[in-house]
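**Student:** Sharing a structure below in structure tokens format, with a few things to ask.
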Amino acid sequence: MTPGLAARLEVATALIREAGTLAQRFFADLTTLGTLQKQNGQDVVSVADKAVEALIRARLQAAFPEDGFLGEESGSEAGTSGHRWVVDPIDGTSCFVFGRPDWCVSIALMREDETEFGLIFAPQADELFEAVRGGGARLNGRPISVNHQASLQTALTGVGANFRVPVAGAWRFVAELLEAGGMFIRSGSGALMLAEVACGRLAAYYEPHINAWDCLAGLCLVREAGGWTAPFGDGAGGLMAGGPVIAAAAQVRDALLALIERSRDSR
Ligand code: LIP
């Protein structure tokens with residue numbers, strides 16, 4: 001790892017814990033949490049999301065002023081270093097605002113088109129997932145791996161759904177999965193479900209559309225834990241437009257892709 005990357009990883013690792021602690025302070029008293037709808041009633045943002053992103057952005061700008069930034073709540077700013085931070089301050093906001101524990105902070109660092117490292121911190125479980133490109137994946141410092149024994153029929157598959165794209169994509173996939181003898185789970189945090197593929201709790205994850213800040217760190221984790229991920233952000237608009245997210249333990253890939261294909265055919 002270059003000294004520049006090592007310095008960024010060190011700052012980001014301390015920062016994601018600090019961000020998680022700030023989020024937890026809001027989570028401790030949800031009765032006073034200000035919340036706003038974004039595109040619909042299932043797409044919300046709270047003052048906690050904004051405050052946590054402001055903290056992360058300010059710290060990263062102070063440490064690496066030449067880096068670019070893309071955050072869910074405060075948008076994007078180009079940099080000059082070739083590095084760009086991609087941040088979701090609270091992934092799983094809908095869980096957060098209702099007091100459910102399935103939420104996390106997600107930070108990825110990109111260099112040009114590659115994700116160099118990804119960090120996901122789930123404060124309620126005190127779990128810090130980290131992956132460095134070419135350097136493996138860890139959970140609280142211990143190496144992790146996707147589940148090499150899992151099949152769609154014997155393990156759980158994470159599914160995401162939202163109203164940014166037609167909902168039939170998600171429910172038809174769920175129907176295909178159930179017909180094939182598999183079982184779905186949706187926690188409300190795409191980032192966390194990708195981390196759970198990386199550590200073997202889930203066999204795979206599919207969502208017809210997701211944004212870069214929700215998934216880049218998680219996709220890096222899955223790859224570094226020995227799993228397979230479909231290229232992300234290849235379509236029109238690239239990274240900024242988001243796209244389908246598909247990740248799996250390698251032996252599950254073909255069966256998963258066949259179900260996704262069938263769910264698309266039946267549109
Ligand atoms: C959420 C994702 C989730 C998806 C939601 C939303 P947020 O991110 O992680 O998987 O289904 O539509 O994008 O809004 O909680 O950061």
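Residues in the structure tokens are numbered from 1 in each chain, the chains being A, B, ... in the order shown, and ligands are numbered from 1 in the order shown.
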Could you report the residues within 7 Å of ligand 1, using only C-alpha atoms and all ligand atoms, as a PyMOL selection string?

**Tutor:** chain A and resi 43-44+88+90-94+160-162+188-191+210-211+214

**Student:** Store the residues picked out above in a file with C-alpha atoms, as a PDB file, in the first residue's frame.

**Tutor:**
ATOM      1  CA  ASP A  43     -37.059   7.492   1.649  1.00  0.00           C
ATOM      2  CA  VAL A  44     -36.173   9.634   4.641  1.00  0.00           C
ATOM      3  CA  ASP A  88     -23.143   7.157   3.394  1.00  0.00           C
ATOM      4  CA  ILE A  90     -26.237   6.360   7.918  1.00  0.00           C
ATOM      5  CA  ASP A  91     -27.175   3.519   5.603  1.00  0.00           C
ATOM      6  CA  GLY A  92     -30.468   2.083   6.748  1.00  0.00           C
ATOM      7  CA  THR A  93     -31.977   5.436   7.740  1.00  0.00           C
ATOM      8  CA  SER A  94     -35.493   3.971   7.763  1.00  0.00           C
ATOM      9  CA  GLY A 160     -33.171  -4.671  -1.523  1.00  0.00           C
ATOM     10  CA  ALA A 161     -36.154  -2.727  -2.816  1.00  0.00           C
ATOM     11  CA  ASN A 162     -36.960   0.938  -3.287  1.00  0.00           C
ATOM     12  CA  GLY A 188     -33.066  -1.984   5.175  1.00  0.00           C
ATOM     13  CA  SER A 189     -29.328  -1.399   4.848  1.00  0.00           C
ATOM     14  CA  GLY A 190     -27.781  -2.490   1.567  1.00  0.00           C
ATOM     15  CA  ALA A 191     -24.303  -1.718   2.919  1.00  0.00           C
ATOM     16  CA  ILE A 210     -28.777   1.179  -5.512  1.00  0.00           C
ATOM     17  CA  ASN A 211     -26.627   4.298  -5.167  1.00  0.00           C
ATOM     18  CA  ASP A 214     -24.821   2.555  -0.354  1.00  0.00           C
TER      19      ASP A 214
END

**Student:** Select from stretch 16-73 of chain A every residue with an atom at most 12 Å from any atom of stretch 223-241 of chain A, then for each give the shortest pair of atoms and their distance in Å to one decimal, using only C-alpha atoms, rows by chain and rising number, as a Markdown table.

**Tutor:**
| residue | atom | partner | partner_atom | distance |
| --- | --- | --- | --- | --- |
| A:Phe69 | CA | A:Met240 | CA | 11.9 |
| A:Leu70 | CA | A:Met240 | CA | 8.9 |
| A:Gly71 | CA | A:Met240 | CA | 10.7 |
| A:Glu72 | CA | A:Met240 | CA | 10.6 |

**Student:** Nearest to A:Arg111 among A:Ile185, A:Leu256, A:Ala249, A:Leu5, with distances taken over only C-alpha atoms: which residue is it?

**Tutor:**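 Checking each of A:Ile185, A:Leu256, A:Ala249, A:Leu5 against A:Arg111, counting only C-alpha atoms, the winner is A:Leu5.
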
**Student:** How close does each residue of stretch 130-156 of chain A get to stretch 7-12 of chain A, giving the shortest atom pair and distance in Å to one decimal for every residue with an atom at most 12 Å away, counting only C-alpha atoms, sorted by chain and residue number, as JSON lines?

**Tutor:**
{"residue": "A:Glu130", "atom": "CA", "partner": "A:Leu9", "partner_atom": "CA", "distance": 9.6}
{"residue": "A:Ala131", "atom": "CA", "partner": "A:Leu9", "partner_atom": "CA", "distance": 10.1}
{"residue": "A:Val132", "atom": "CA", "partner": "A:Leu9", "partner_atom": "CA", "distance": 8.8}
{"residue": "A:Arg133", "atom": "CA", "partner": "A:Leu9", "partner_atom": "CA", "distance": 11.6}

**Student:** Grab the atom CA of A:Gly79 to atom CA of A:Lys38 distance for me, in Å with one decimal place.

**Tutor:**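 Atom-to-atom, atom CA of A:Gly79 and atom CA of A:Lys38 are spaced 27.3 Å apart.
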
**Student:** Apply DSSP to the backbone of this structure and, from stretch 37-86 of chain A, keep only the residues in helix (DSSP H, G or I); write these as an MDAnalysis selection string.

**Tutor:** chainID A and resid 47:63
